[in-house]
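Asks: Data: coords-v8.cif, mmCIF, C-alpha atoms and all ligand atoms.
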```
data_model
loop_
_atom_site.label_atom_id
_atom_site.label_comp_id
_atom_site.auth_asym_id
_atom_site.auth_seq_id
_atom_site.Cartn_x
_atom_site.Cartn_y
_atom_site.Cartn_z
CA MET A 20 0.00 0.00 0.00
CA ASN A 21 1.24 3.47 -0.80
CA ASP A 22 0.17 6.27 1.56
CA ASN A 23 0.43 8.75 -1.31
CA ASP A 24 -2.66 7.24 -3.00
CA ILE A 25 -4.98 7.71 -0.02
CA ASN A 26 -7.53 10.53 0.04
CA TRP A 27 -7.04 11.79 3.58
CA GLN A 28 -10.18 13.93 3.50
CA ASP A 29 -12.17 10.72 4.02
CA PHE A 30 -10.55 10.11 7.43
CA ALA A 31 -11.22 11.35 10.96
CA ILE A 32 -9.09 14.14 12.41
CA GLU A 33 -7.15 11.76 14.73
CA THR A 34 -6.10 9.67 11.72
CA GLN A 35 -5.24 12.69 9.56
CA ALA A 36 -3.09 14.03 12.41
CA ILE A 37 -0.96 10.87 12.40
CA ARG A 38 -0.92 9.76 8.76
CA ALA A 39 -1.70 12.52 6.26
CA GLY A 40 0.82 14.30 4.06
CA GLN A 41 3.76 11.93 4.42
CA GLN A 42 5.52 10.95 1.19
CA ARG A 43 7.94 8.14 1.94
CA THR A 44 11.36 8.52 0.29
CA HIS A 45 13.48 5.77 -1.32
CA GLU A 46 14.83 5.06 2.20
CA ASP A 47 11.45 3.57 3.26
CA GLU A 48 11.46 5.45 6.58
CA HIS A 49 8.46 5.03 8.91
CA SER A 50 8.80 8.39 10.75
CA ILE A 51 8.94 11.69 8.87
CA PRO A 52 12.50 12.84 8.11
CA ILE A 53 13.76 16.33 8.96
CA PHE A 54 14.99 17.86 5.71
CA MET A 55 17.73 20.17 6.94
CA THR A 56 18.69 21.68 3.61
CA SER A 57 18.46 25.29 2.56
CA SER A 58 18.41 24.57 -1.17
CA TYR A 59 17.73 21.83 -3.71
CA VAL A 60 19.55 20.60 -6.82
CA PHE A 61 18.02 20.66 -10.31
CA LYS A 62 18.72 18.06 -13.00
CA ASN A 63 19.51 20.69 -15.58
CA ALA A 64 19.13 24.38 -16.39
CA GLU A 65 15.70 23.87 -17.91
CA GLU A 66 14.32 22.22 -14.76
CA ALA A 67 15.70 25.07 -12.66
CA ALA A 68 13.94 27.58 -14.91
CA LEU A 69 10.65 25.65 -14.78
CA ARG A 70 10.75 25.44 -10.98
CA PHE A 71 11.59 29.09 -10.45
CA THR A 72 8.78 30.28 -12.70
CA GLY A 73 6.28 27.94 -11.04
CA LYS A 74 5.69 25.93 -14.24
CA GLN A 75 6.89 22.77 -12.51
CA ALA A 76 6.01 21.86 -8.91
CA GLY A 77 8.87 21.01 -6.58
CA ASN A 78 11.36 22.30 -4.08
CA ILE A 79 13.36 25.45 -4.79
CA TYR A 80 14.68 26.99 -1.58
CA SER A 81 13.66 26.39 2.04
CA ARG A 82 12.42 29.94 2.67
CA PHE A 83 9.27 28.82 0.85
CA THR A 84 9.56 25.09 0.00
CA ASN A 85 10.66 22.35 2.41
CA PRO A 86 9.40 18.75 2.51
CA THR A 87 9.09 18.55 6.33
CA VAL A 88 7.28 21.88 6.51
CA ARG A 89 5.03 20.76 3.64
CA VAL A 90 3.84 17.69 5.59
CA PHE A 91 2.94 19.93 8.55
CA GLN A 92 1.04 22.28 6.22
CA GLU A 93 -0.90 19.51 4.50
CA ARG A 94 -1.87 17.94 7.82
CA LEU A 95 -3.04 21.13 9.46
CA ALA A 96 -5.04 22.14 6.34
CA LEU A 97 -6.89 18.81 6.40
CA MET A 98 -7.49 18.97 10.15
CA GLU A 99 -8.99 22.49 9.86
CA GLY A 100 -11.20 21.43 6.94
CA GLY A 101 -9.38 23.99 4.78
CA GLU A 102 -7.89 23.72 1.31
CA SER A 103 -4.39 24.94 1.98
CA CYS A 104 -1.98 25.94 4.77
CA LEU A 105 1.24 27.92 5.08
CA ALA A 106 3.56 27.62 8.08
CA PHE A 107 5.31 30.63 9.63
CA SER A 108 8.10 31.24 12.14
CA SER A 109 5.61 32.25 14.89
CA GLY A 110 1.94 32.94 15.49
CA MET A 111 2.66 36.67 15.28
CA ALA A 112 4.48 36.18 11.95
CA ALA A 113 1.32 34.47 10.62
CA ILE A 114 -0.88 37.35 11.83
CA MET A 115 1.57 39.87 10.37
CA ALA A 116 1.39 37.97 7.06
CA VAL A 117 -2.41 38.22 7.02
CA GLY A 118 -2.23 42.01 7.24
CA MET A 119 0.75 42.47 4.91
CA SER A 120 -0.86 40.28 2.25
CA LEU A 121 -4.46 41.51 2.38
CA LEU A 122 -4.30 45.19 3.41
CA LYS A 123 -3.16 48.42 1.81
CA ALA A 124 -3.01 52.07 2.90
CA GLY A 125 -6.51 53.46 3.42
CA ASP A 126 -8.03 50.12 4.42
CA HIS A 127 -9.89 49.58 7.69
CA VAL A 128 -9.99 46.60 10.08
CA VAL A 129 -12.48 45.67 12.81
CA CYS A 130 -10.94 43.57 15.56
CA SER A 131 -12.30 42.12 18.79
CA ARG A 132 -11.09 43.81 21.98
CA GLY A 133 -10.02 40.64 23.75
CA VAL A 134 -7.29 39.60 21.26
CA PHE A 135 -3.75 38.60 22.17
CA GLY A 136 -1.84 41.75 23.24
CA ASN A 137 0.70 41.68 20.41
CA THR A 138 -2.06 41.23 17.83
CA MET A 139 -3.58 44.47 19.08
CA LEU A 140 -0.18 46.21 18.90
CA VAL A 141 0.50 44.93 15.36
CA PHE A 142 -2.79 46.35 14.10
CA GLN A 143 -2.55 49.60 16.05
CA ASN A 144 1.14 50.51 15.94
CA TYR A 145 2.47 48.84 12.79
CA PHE A 146 -0.38 48.61 10.27
CA GLY A 147 -1.52 51.96 11.70
CA LYS A 148 1.82 53.46 10.70
CA PHE A 149 1.09 52.58 7.05
CA GLY A 150 -2.38 54.08 6.98
CA VAL A 151 -4.49 51.08 7.95
CA ASN A 152 -6.83 51.96 10.80
CA THR A 153 -8.32 49.46 13.21
CA ASP A 154 -11.37 49.78 15.45
CA PHE A 155 -11.83 47.44 18.39
CA VAL A 156 -15.26 46.06 19.33
CA SER A 157 -16.76 43.73 21.92
CA LEU A 158 -16.22 40.10 20.87
CA ILE A 159 -19.76 39.07 21.77
CA ASP A 160 -21.80 42.11 20.58
CA LEU A 161 -23.00 41.50 17.00
CA VAL A 162 -24.51 44.99 16.76
CA GLU A 163 -21.15 46.55 17.60
CA TRP A 164 -19.40 44.43 14.94
CA GLU A 165 -21.78 45.51 12.20
CA ALA A 166 -21.85 49.17 13.30
CA ALA A 167 -18.04 49.39 13.17
CA ILE A 168 -17.87 48.40 9.49
CA LYS A 169 -17.09 51.25 7.06
CA PRO A 170 -17.00 51.34 3.26
CA ASN A 171 -13.22 50.76 3.38
CA THR A 172 -13.32 47.85 5.88
CA ARG A 173 -11.53 44.79 4.48
CA LEU A 174 -10.99 42.47 7.44
CA LEU A 175 -12.79 41.36 10.58
CA PHE A 176 -10.41 39.69 13.05
CA LEU A 177 -11.35 37.76 16.20
CA GLU A 178 -10.08 35.25 18.69
CA THR A 179 -12.50 32.82 20.36
CA PRO A 180 -12.46 31.86 23.20
CA SER A 181 -10.91 35.14 24.29
CA ASN A 182 -8.10 35.57 26.77
CA PRO A 183 -8.28 35.89 29.79
CA LEU A 184 -12.08 36.06 30.22
CA ILE A 185 -12.84 33.07 27.97
CA GLU A 186 -15.72 34.77 26.14
CA ILE A 187 -17.12 33.02 23.06
CA ALA A 188 -17.81 34.73 19.71
CA ASP A 189 -20.52 33.46 17.36
CA ILE A 190 -18.30 32.69 14.35
CA GLU A 191 -21.19 31.84 12.01
CA LYS A 192 -23.04 35.11 12.68
CA ILE A 193 -19.91 37.28 12.45
CA ALA A 194 -18.95 35.54 9.17
CA GLU A 195 -22.40 36.45 7.81
CA ILE A 196 -21.87 40.09 8.81
CA ALA A 197 -18.39 40.08 7.20
CA HIS A 198 -19.63 38.65 3.91
CA ARG A 199 -22.66 40.96 3.74
CA HIS A 200 -20.13 43.84 3.68
CA ASN A 201 -17.60 42.17 1.34
CA CYS A 202 -15.08 41.65 4.13
CA LEU A 203 -13.02 38.60 5.05
CA LEU A 204 -13.28 37.04 8.53
CA VAL A 205 -10.02 35.93 10.15
CA VAL A 206 -10.21 33.71 13.26
CA ASP A 207 -7.30 33.02 15.61
CA ASN A 208 -7.99 29.36 16.52
CA CYS A 209 -5.09 28.97 18.94
CA PHE A 210 -7.16 28.25 22.09
CA CYS A 211 -9.41 25.57 20.56
CA THR A 212 -7.26 24.03 17.83
CA PRO A 213 -9.11 22.19 15.02
CA VAL A 214 -9.83 19.38 17.46
CA LEU A 215 -12.41 21.53 19.29
CA GLN A 216 -13.48 24.04 16.63
CA LYS A 217 -13.23 24.43 12.85
CA PRO A 218 -13.87 28.11 12.01
CA LEU A 219 -13.60 27.61 8.22
CA LEU A 220 -16.57 25.22 8.31
CA LEU A 221 -18.52 27.91 10.20
CA GLY A 222 -17.90 30.49 7.47
CA ALA A 223 -14.57 32.09 8.41
CA ASP A 224 -12.23 32.79 5.47
CA VAL A 225 -8.85 32.54 7.19
CA VAL A 226 -7.67 30.68 10.30
CA VAL A 227 -4.44 31.73 12.02
CA HIS A 228 -2.55 29.69 14.59
CA SER A 229 0.13 30.03 17.14
CA ALA A 230 1.52 26.48 16.90
CA THR A 231 3.57 27.40 19.98
CA LYS A 232 0.66 26.56 22.27
CA TYR A 233 -1.43 23.36 22.02
CA ILE A 234 -0.07 22.20 18.63
CA ASP A 235 3.41 21.80 20.10
CA GLY A 236 1.81 21.04 23.46
CA GLN A 237 5.08 20.61 25.31
CA GLY A 238 6.47 24.13 25.29
CA ARG A 239 9.43 23.56 22.96
CA CYS A 240 9.12 25.59 19.74
CA VAL A 241 7.68 28.87 18.47
CA GLY A 242 5.68 28.63 15.24
CA GLY A 243 2.53 29.68 13.43
CA ALA A 244 0.30 28.95 10.45
CA ILE A 245 -2.41 30.28 8.16
CA VAL A 246 -5.15 28.02 6.75
CA ALA A 247 -7.38 29.31 3.93
CA SER A 248 -8.65 28.59 0.40
CA ASN A 249 -6.17 27.59 -2.34
CA GLU A 250 -6.83 30.94 -3.98
CA LEU A 251 -5.98 33.05 -0.92
CA ILE A 252 -2.90 30.98 -0.13
CA GLU A 253 -1.57 30.95 -3.72
CA LYS A 254 -2.36 34.54 -4.67
CA GLN A 255 -1.92 36.37 -1.36
CA PHE A 256 -0.08 34.55 1.43
CA TYR A 257 2.46 32.43 -0.47
CA PRO A 258 3.95 35.35 -2.48
CA TYR A 259 4.25 37.29 0.80
CA LEU A 260 5.99 34.39 2.59
CA ARG A 261 8.31 33.88 -0.38
CA SER A 262 9.43 37.51 -0.23
CA GLY A 263 8.85 38.31 3.44
CA GLY A 264 10.68 35.24 4.71
CA ALA A 265 9.12 34.54 8.14
CA THR A 266 9.60 30.82 7.49
CA MET A 267 9.09 27.87 9.84
CA SER A 268 12.27 25.78 10.12
CA ALA A 269 12.20 22.10 9.13
CA PHE A 270 13.23 21.16 12.65
CA ASN A 271 10.35 23.06 14.23
CA ALA A 272 7.91 21.59 11.67
CA TRP A 273 9.07 18.13 12.73
CA ILE A 274 8.40 18.96 16.42
CA PHE A 275 4.95 20.36 15.53
CA LEU A 276 4.17 17.22 13.48
CA SER A 277 4.76 15.05 16.53
CA GLY A 278 2.60 17.54 18.48
CA LEU A 279 -0.25 17.11 15.96
CA GLU A 280 -0.09 13.32 16.35
CA THR A 281 -1.21 13.50 19.99
CA LEU A 282 -3.28 16.70 19.75
CA ALA A 283 -6.73 15.05 19.88
CA ILE A 284 -6.06 12.97 23.00
CA ARG A 285 -4.24 15.83 24.70
CA MET A 286 -7.11 18.27 24.04
CA GLN A 287 -9.59 15.74 25.40
CA ALA A 288 -7.54 15.38 28.60
CA HIS A 289 -6.97 19.17 28.95
CA CYS A 290 -10.72 19.77 28.58
CA GLU A 291 -11.77 17.07 31.04
CA SER A 292 -9.40 18.37 33.73
CA ALA A 293 -10.34 22.02 33.07
CA LEU A 294 -14.06 21.25 33.41
CA ALA A 295 -13.52 19.32 36.66
CA LEU A 296 -11.34 22.13 38.02
CA ALA A 297 -13.85 24.84 37.02
CA ILE A 298 -16.71 23.02 38.77
CA TRP A 299 -14.54 22.63 41.88
CA LEU A 300 -13.36 26.26 41.83
CA GLU A 301 -16.96 27.48 41.65
CA GLN A 302 -17.57 25.77 45.02
CA GLN A 303 -14.63 27.40 46.82
CA ASP A 304 -15.34 30.17 49.33
CA GLY A 305 -12.68 32.72 48.43
CA ILE A 306 -13.62 32.70 44.72
CA THR A 307 -16.29 35.10 43.54
CA LYS A 308 -16.50 34.17 39.84
CA VAL A 309 -15.21 31.42 37.54
CA HIS A 310 -14.94 32.10 33.79
CA TYR A 311 -15.22 28.81 31.90
CA PRO A 312 -17.63 28.11 29.01
CA GLY A 313 -18.29 24.58 30.27
CA LEU A 314 -20.13 25.97 33.30
CA PRO A 315 -23.89 26.62 32.96
CA SER A 316 -23.16 29.98 34.72
CA HIS A 317 -21.12 31.14 31.67
CA ALA A 318 -23.01 33.67 29.54
CA GLN A 319 -22.23 31.86 26.25
CA HIS A 320 -22.47 28.28 27.57
CA ASP A 321 -25.04 27.24 24.92
CA LEU A 322 -23.10 28.84 22.07
CA ALA A 323 -19.90 27.12 23.25
CA LYS A 324 -21.76 23.78 23.32
CA ARG A 325 -22.93 24.29 19.72
CA GLN A 326 -19.74 25.71 18.28
CA GLN A 327 -17.05 23.67 20.04
CA SER A 328 -16.76 19.92 20.62
CA HIS A 329 -15.45 20.62 24.15
CA PHE A 330 -14.79 23.70 26.28
CA GLY A 331 -11.00 24.10 26.20
CA GLY A 332 -8.14 23.98 28.67
CA VAL A 333 -7.98 27.56 29.97
CA ILE A 334 -9.90 28.87 33.01
CA SER A 335 -9.87 32.21 34.74
CA PHE A 336 -11.36 33.11 38.11
CA GLU A 337 -11.64 36.02 40.50
CA VAL A 338 -10.48 35.93 44.12
CA LYS A 339 -12.12 38.06 46.83
CA GLY A 340 -9.07 40.00 48.02
CA GLY A 341 -7.99 41.65 44.73
CA LYS A 342 -4.36 41.79 43.67
CA GLU A 343 -2.89 40.93 47.07
CA GLN A 344 -4.92 37.73 47.34
CA ALA A 345 -4.29 36.82 43.69
CA TRP A 346 -0.52 37.21 44.11
CA GLN A 347 -0.61 35.19 47.33
CA LEU A 348 -2.42 32.35 45.54
CA ILE A 349 0.07 32.41 42.67
CA ASP A 350 3.12 32.56 44.97
CA ALA A 351 1.85 29.67 47.13
CA ALA A 352 1.81 27.32 44.12
CA ARG A 353 4.67 24.82 44.04
CA LEU A 354 3.57 22.77 41.04
CA LEU A 355 1.93 25.27 38.70
CA SER A 356 4.47 27.29 36.70
CA ILE A 357 4.22 31.07 36.98
CA THR A 358 4.29 31.92 33.27
CA ALA A 359 1.97 33.50 30.75
CA ASN A 360 2.41 30.63 28.28
CA LEU A 361 -0.48 28.22 27.76
CA GLY A 362 -1.38 24.98 26.03
CA ASP A 363 1.48 23.06 27.64
CA VAL A 364 1.29 19.67 29.39
CA LYS A 365 2.50 21.66 32.42
CA SER A 366 -0.19 23.73 34.16
CA THR A 367 0.56 27.44 34.26
CA ILE A 368 -0.80 30.25 36.42
CA THR A 369 -0.71 33.98 35.73
CA HIS A 370 -2.07 37.34 36.93
CA PRO A 371 -3.33 39.08 33.74
CA ALA A 372 -3.75 42.57 35.28
CA THR A 373 0.00 42.88 36.04
CA THR A 374 1.48 40.77 33.20
CA THR A 375 -0.19 40.18 29.81
CA HIS A 376 -2.55 43.13 30.30
CA GLY A 377 -0.26 45.25 32.51
CA ARG A 378 0.50 47.74 29.73
CA LEU A 379 -3.16 48.78 29.44
CA THR A 380 -4.34 51.78 31.48
CA PRO A 381 -6.41 50.88 34.58
CA GLU A 382 -9.49 52.37 32.83
CA VAL A 383 -9.10 50.24 29.69
CA ARG A 384 -8.42 47.19 31.86
CA ALA A 385 -11.56 47.79 33.92
CA ALA A 386 -13.63 48.29 30.74
CA SER A 387 -12.33 44.93 29.48
CA GLY A 388 -13.41 43.22 32.71
CA ILE A 389 -9.86 42.33 33.78
CA THR A 390 -10.05 42.88 37.54
CA ASP A 391 -7.11 42.92 39.97
CA GLY A 392 -8.38 39.69 41.51
CA LEU A 393 -8.40 37.78 38.20
CA VAL A 394 -6.16 34.69 37.93
CA ARG A 395 -5.74 32.59 34.77
CA VAL A 396 -4.85 28.91 34.76
CA SER A 397 -3.93 26.88 31.69
CA VAL A 398 -4.82 23.40 32.91
CA GLY A 399 -2.08 20.89 32.07
CA LEU A 400 -2.00 17.13 32.14
CA GLU A 401 -0.72 16.58 35.69
CA ASN A 402 -3.08 14.64 37.96
CA ILE A 403 -6.10 16.83 38.74
CA VAL A 404 -5.86 16.06 42.49
CA ASP A 405 -2.32 17.49 42.55
CA ILE A 406 -3.45 20.61 40.66
CA LYS A 407 -6.31 21.21 43.14
CA GLN A 408 -3.99 20.67 46.11
CA ASP A 409 -1.52 23.14 44.67
CA LEU A 410 -4.22 25.80 44.31
CA MET A 411 -5.55 25.04 47.79
CA ARG A 412 -2.19 26.02 49.30
CA GLY A 413 -3.02 29.60 48.45
CA PHE A 414 -6.64 29.69 49.66
CA VAL A 415 -7.06 31.40 53.01
C1 LIG A 501 0.56 33.16 21.73
C2 LIG A 501 -0.53 33.63 20.90
C3 LIG A 501 -0.28 34.29 19.69
C4 LIG A 501 1.11 34.61 19.21
O1 LIG A 501 1.81 33.44 18.88
P1 LIG A 501 3.40 33.32 18.97
O2 LIG A 501 3.64 31.94 18.46
O3 LIG A 501 3.79 33.52 20.40
O4 LIG A 501 3.97 34.36 18.07
C5 LIG A 501 -1.37 34.69 18.94
N1 LIG A 501 -2.63 34.45 19.35
C6 LIG A 501 -2.89 33.83 20.51
C7 LIG A 501 -4.30 33.59 20.90
C8 LIG A 501 -1.86 33.40 21.33
O5 LIG A 501 -2.14 32.80 22.49
#
```
Go ahead and express the file in the form of structure tokens.
Replies:
Amino acid sequence: MNDNDINWQDFAIETQAIRAGQQRTHEDEHSIPIFMTSSYVFKNAEEAALRFTGKQAGNIYSRFTNPTVRVFQERLALMEGGESCLAFSSGMAAIMAVGMSLLKAGDHVVCSRGVFGNTMLVFQNYFGKFGVNTDFVSLIDLVEWEAAIKPNTRLLFLETPSNPLIEIADIEKIAEIAHRHNCLLVVDNCFCTPVLQKPLLLGADVVVHSATKYIDGQGRCVGGAIVASNELIEKQFYPYLRSGGATMSAFNAWIFLSGLETLAIRMQAHCESALALAIWLEQQDGITKVHYPGLPSHAQHDLAKRQQSHFGGVISFEVKGGKEQAWQLIDAARLLSITANLGDVKSTITHPATTTHGRLTPEVRAASGITDGLVRVSVGLENIVDIKQDLMRGFV
């Protein structure tokens, strides 16, 4: 049997994640090789010319063609239910590529307020510098989304679930709004991964990823990706990557490929532990509010149930005593790592108001609902009893 003849679209996501995209070489290897080569050799001058002009498919130079990176791209495209994927050196490089490829001076972007801090800065400070203006709206308010659209709006950008309040956007409805106004909808699918949510099947046009988080899953490499239609990838994103050069290395692609292989079972375990922890946290005295879409108390619980296959691995909650109490809880932890990273097998704990969102003014922070007592936990794969005990050390 030759893997190359199989149509991987017919298979479940767990199978695609392990099998799809591999083209065995003459060495008959079982695992995927890491092609550490910057360039490739052509049989003759004519073949070189055909490759460079795109008249013949094949490898040219590893800034934009590499066999290991290609397997990662083909796998992630299939898993997202998209036509095509391009890998980048980081999640931010992928987001940068979306703007550089699709926007020009005079264009306008509408973006949800709860996006990753650097995403906000890229739109505001860098695209802003070149005459692209961005307005920020509430992730969950459809009226605000539509009202923010202007004749020159080209892109709607959102992240769902949001960080750190874990709010859920209605992707299908926002895609409808985008298309009614001839705009493209871009969704950052980093928190859910395609295992929990497939934005392209809900109407989004572009999915961006930070592969650094759950796709790696073990905190080793920085990487990113864009998944979209063949047309967008070929005409917009690929020419930008080829010239812009924010390439994923073959070594990192190989790490991310092994991450993809276990993604489905890891996500299942992250979600089960996070749900159990959220239910338990809601019963603790010193905690006034738990933000987790798996709880019936969450404002978008029903939407999350419809849109996602499970509720995700990140929880945030508010402690009674504000910043002092939050810091005490964090400092009492012996197991949980104090770091803003997420999606790792190791549980992490962070205080958004003084770290990831510390650069915002107190007024903007308050308007975003990020209180001084808010603590965020990315629930890892340690035993849930040990995670609870570690948090209990800090309860007073
Ligand atoms: C981390 C993160 C990014 C940026 O990804 P990098 O790989 O760190 O560049 C973008 N979006 C979200 C939601 C993230 O969590």
Asks: Write out, as JSON lines, each residue of chain A that has an atom at most 6 Å from ligand LIG 501 (chain A), together with the closest pair of atoms and their distance in Å to one decimal, counting only C-alpha atoms and all ligand atoms, rows going by chain and rising number.
Replies:
```
{"residue": "A:Ser109", "atom": "CA", "partner": "A:LIG501", "partner_atom": "O2", "distance": 4.1}
{"residue": "A:Gly110", "atom": "CA", "partner": "A:LIG501", "partner_atom": "O1", "distance": 3.4}
{"residue": "A:Met111", "atom": "CA", "partner": "A:LIG501", "partner_atom": "O4", "distance": 3.9}
{"residue": "A:Phe135", "atom": "CA", "partner": "A:LIG501", "partner_atom": "C6", "distance": 5.1}
{"residue": "A:Cys209", "atom": "CA", "partner": "A:LIG501", "partner_atom": "C7", "distance": 5.1}
{"residue": "A:Ser229", "atom": "CA", "partner": "A:LIG501", "partner_atom": "O1", "distance": 4.2}
{"residue": "A:Thr231", "atom": "CA", "partner": "A:LIG501", "partner_atom": "O2", "distance": 4.8}
{"residue": "A:Val241", "atom": "CA", "partner": "A:LIG501", "partner_atom": "O2", "distance": 5.1}
{"residue": "A:Gly242", "atom": "CA", "partner": "A:LIG501", "partner_atom": "O2", "distance": 5.0}
{"residue": "A:Gly243", "atom": "CA", "partner": "A:LIG501", "partner_atom": "O2", "distance": 5.6}
```
Asks: Smallest atom-to-atom distance to A:Ile190: which of A:Leu203, A:Glu99, A:Gln326, A:Tyr311, using only C-alpha atoms?
Replies: A:Gln326
Asks: So which one's closest to A:Gly136, A:Ser397, A:Thr374, A:Asn152, A:Gln216? Using all atoms listed in the file, please.
Replies: A:Thr374
Asks: Using Å and a single decimal, report how far atom CA of A:Glu178 sits from atom CA of A:Ala386.
Replies: 18.1 Å
Asks: I'd like the interatomic distance between atom CA of A:Leu97 and atom CA of A:Pro52, to a tenth of an Å.
Replies: 20.4 Å
Asks: What is the atom CA of A:Ala318-atom CA of A:Leu174 distance in Å, reported with one decimal?
Replies: 26.7 Å
Asks: Which residue, A:Met411, A:Cys130, A:Val394, A:Leu140, has the smallest gap to A:Glu343 when you use all atoms listed in the file?
Replies: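 Nearest to A:Glu343: A:Val394.
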Asks: Could you tell me which of A:Ile349, A:Leu296, A:Val383, A:Ala230 comes closest to A:Gly133 if we count only C-alpha atoms?
Replies: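 Of A:Ile349, A:Leu296, A:Val383, A:Ala230, the one nearest A:Gly133 is A:Val383, counting only C-alpha atoms.
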Asks: So that I can check the surroundings of A:Phe107, please list as a count of residues only every protein, DNA and RNA residue that reaches within 9 Å of it, counting all atoms listed in the file and ignoring chain neighbours fewer than 3 positions away.
Replies: 15
Asks: If we count only C-alpha atoms, what is near A:Ser81 at a cut-off of 10 Å, once residues fewer than 2 positions away on the same chain are taken out, given as a PyMOL selection string?
Replies: chain A and resi 54-59+78-79+83-86+88+261+264+266-269
Asks: Those selected residues, please, written with C-alpha atoms and delivered as a PDB file, keeping the file's coordinate frame.
Replies:
```
ATOM      1  CA  PHE A  54      14.990  17.860   5.710  1.00  0.00           C
ATOM      2  CA  MET A  55      17.730  20.170   6.940  1.00  0.00           C
ATOM      3  CA  THR A  56      18.690  21.680   3.610  1.00  0.00           C
ATOM      4  CA  SER A  57      18.460  25.290   2.560  1.00  0.00           C
ATOM      5  CA  SER A  58      18.410  24.570  -1.170  1.00  0.00           C
ATOM      6  CA  TYR A  59      17.730  21.830  -3.710  1.00  0.00           C
ATOM      7  CA  ASN A  78      11.360  22.300  -4.080  1.00  0.00           C
ATOM      8  CA  ILE A  79      13.360  25.450  -4.790  1.00  0.00           C
ATOM      9  CA  PHE A  83       9.270  28.820   0.850  1.00  0.00           C
ATOM     10  CA  THR A  84       9.560  25.090   0.000  1.00  0.00           C
ATOM     11  CA  ASN A  85      10.660  22.350   2.410  1.00  0.00           C
ATOM     12  CA  PRO A  86       9.400  18.750   2.510  1.00  0.00           C
ATOM     13  CA  VAL A  88       7.280  21.880   6.510  1.00  0.00           C
ATOM     14  CA  ARG A 261       8.310  33.880  -0.380  1.00  0.00           C
ATOM     15  CA  GLY A 264      10.680  35.240   4.710  1.00  0.00           C
ATOM     16  CA  THR A 266       9.600  30.820   7.490  1.00  0.00           C
ATOM     17  CA  MET A 267       9.090  27.870   9.840  1.00  0.00           C
ATOM     18  CA  SER A 268      12.270  25.780  10.120  1.00  0.00           C
ATOM     19  CA  ALA A 269      12.200  22.100   9.130  1.00  0.00           C
TER      20      ALA A 269
END
```
Asks: Taking all atoms listed in the file into account, which of A:Thr172, A:Ser335, A:Ser248, A:Thr307 comes nearest A:Ile196?
Replies: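 Nearest candidate to A:Ile196 out of A:Thr172, A:Ser335, A:Ser248, A:Thr307: A:Thr172.
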Asks: Find, counting all atoms listed in the file, the residue in A:Gly100, A:Glu163, A:Thr72, A:Arg82 that gets nearest to A:Trp27.
Replies: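 For A:Trp27, the nearest of the given residues is A:Gly100.
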Asks: If we count all atoms listed in the file, what is near A:Leu105 at a cut-off of 8 Å, once residues fewer than 6 positions away on the same chain are taken out, given as a list in words?
Replies: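 Surrounding residues, per the criterion: Gln92, Ala244, Ile245, Val246, Ile252, Phe256 and Tyr257 of chain A.
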Asks: Could those selected residues go to a file with C-alpha atoms, as a compact mmCIF listing (two decimals), keeping the file's coordinate frame?
Replies:
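again35.txt, freshly written:
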```
# COMPACT_ATOMS: atom_id res chain seq x y z
CA GLN A 92 1.04 22.28 6.22
CA ALA A 244 0.30 28.95 10.45
CA ILE A 245 -2.41 30.28 8.16
CA VAL A 246 -5.15 28.02 6.75
CA ILE A 252 -2.90 30.98 -0.13
CA PHE A 256 -0.08 34.55 1.43
CA TYR A 257 2.46 32.43 -0.47
```
Asks: Which protein, DNA or RNA residues have an atom at most 8 Å from (-18.4, 25.6, 15.0), counting only C-alpha atoms? List them as a list in words.
Replies: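 Output of the proximity query reads Ile190, Glu191, Gln216, Lys217, Pro218, Leu220, Leu221, Arg325, Gln326 and Gln327 of chain A.
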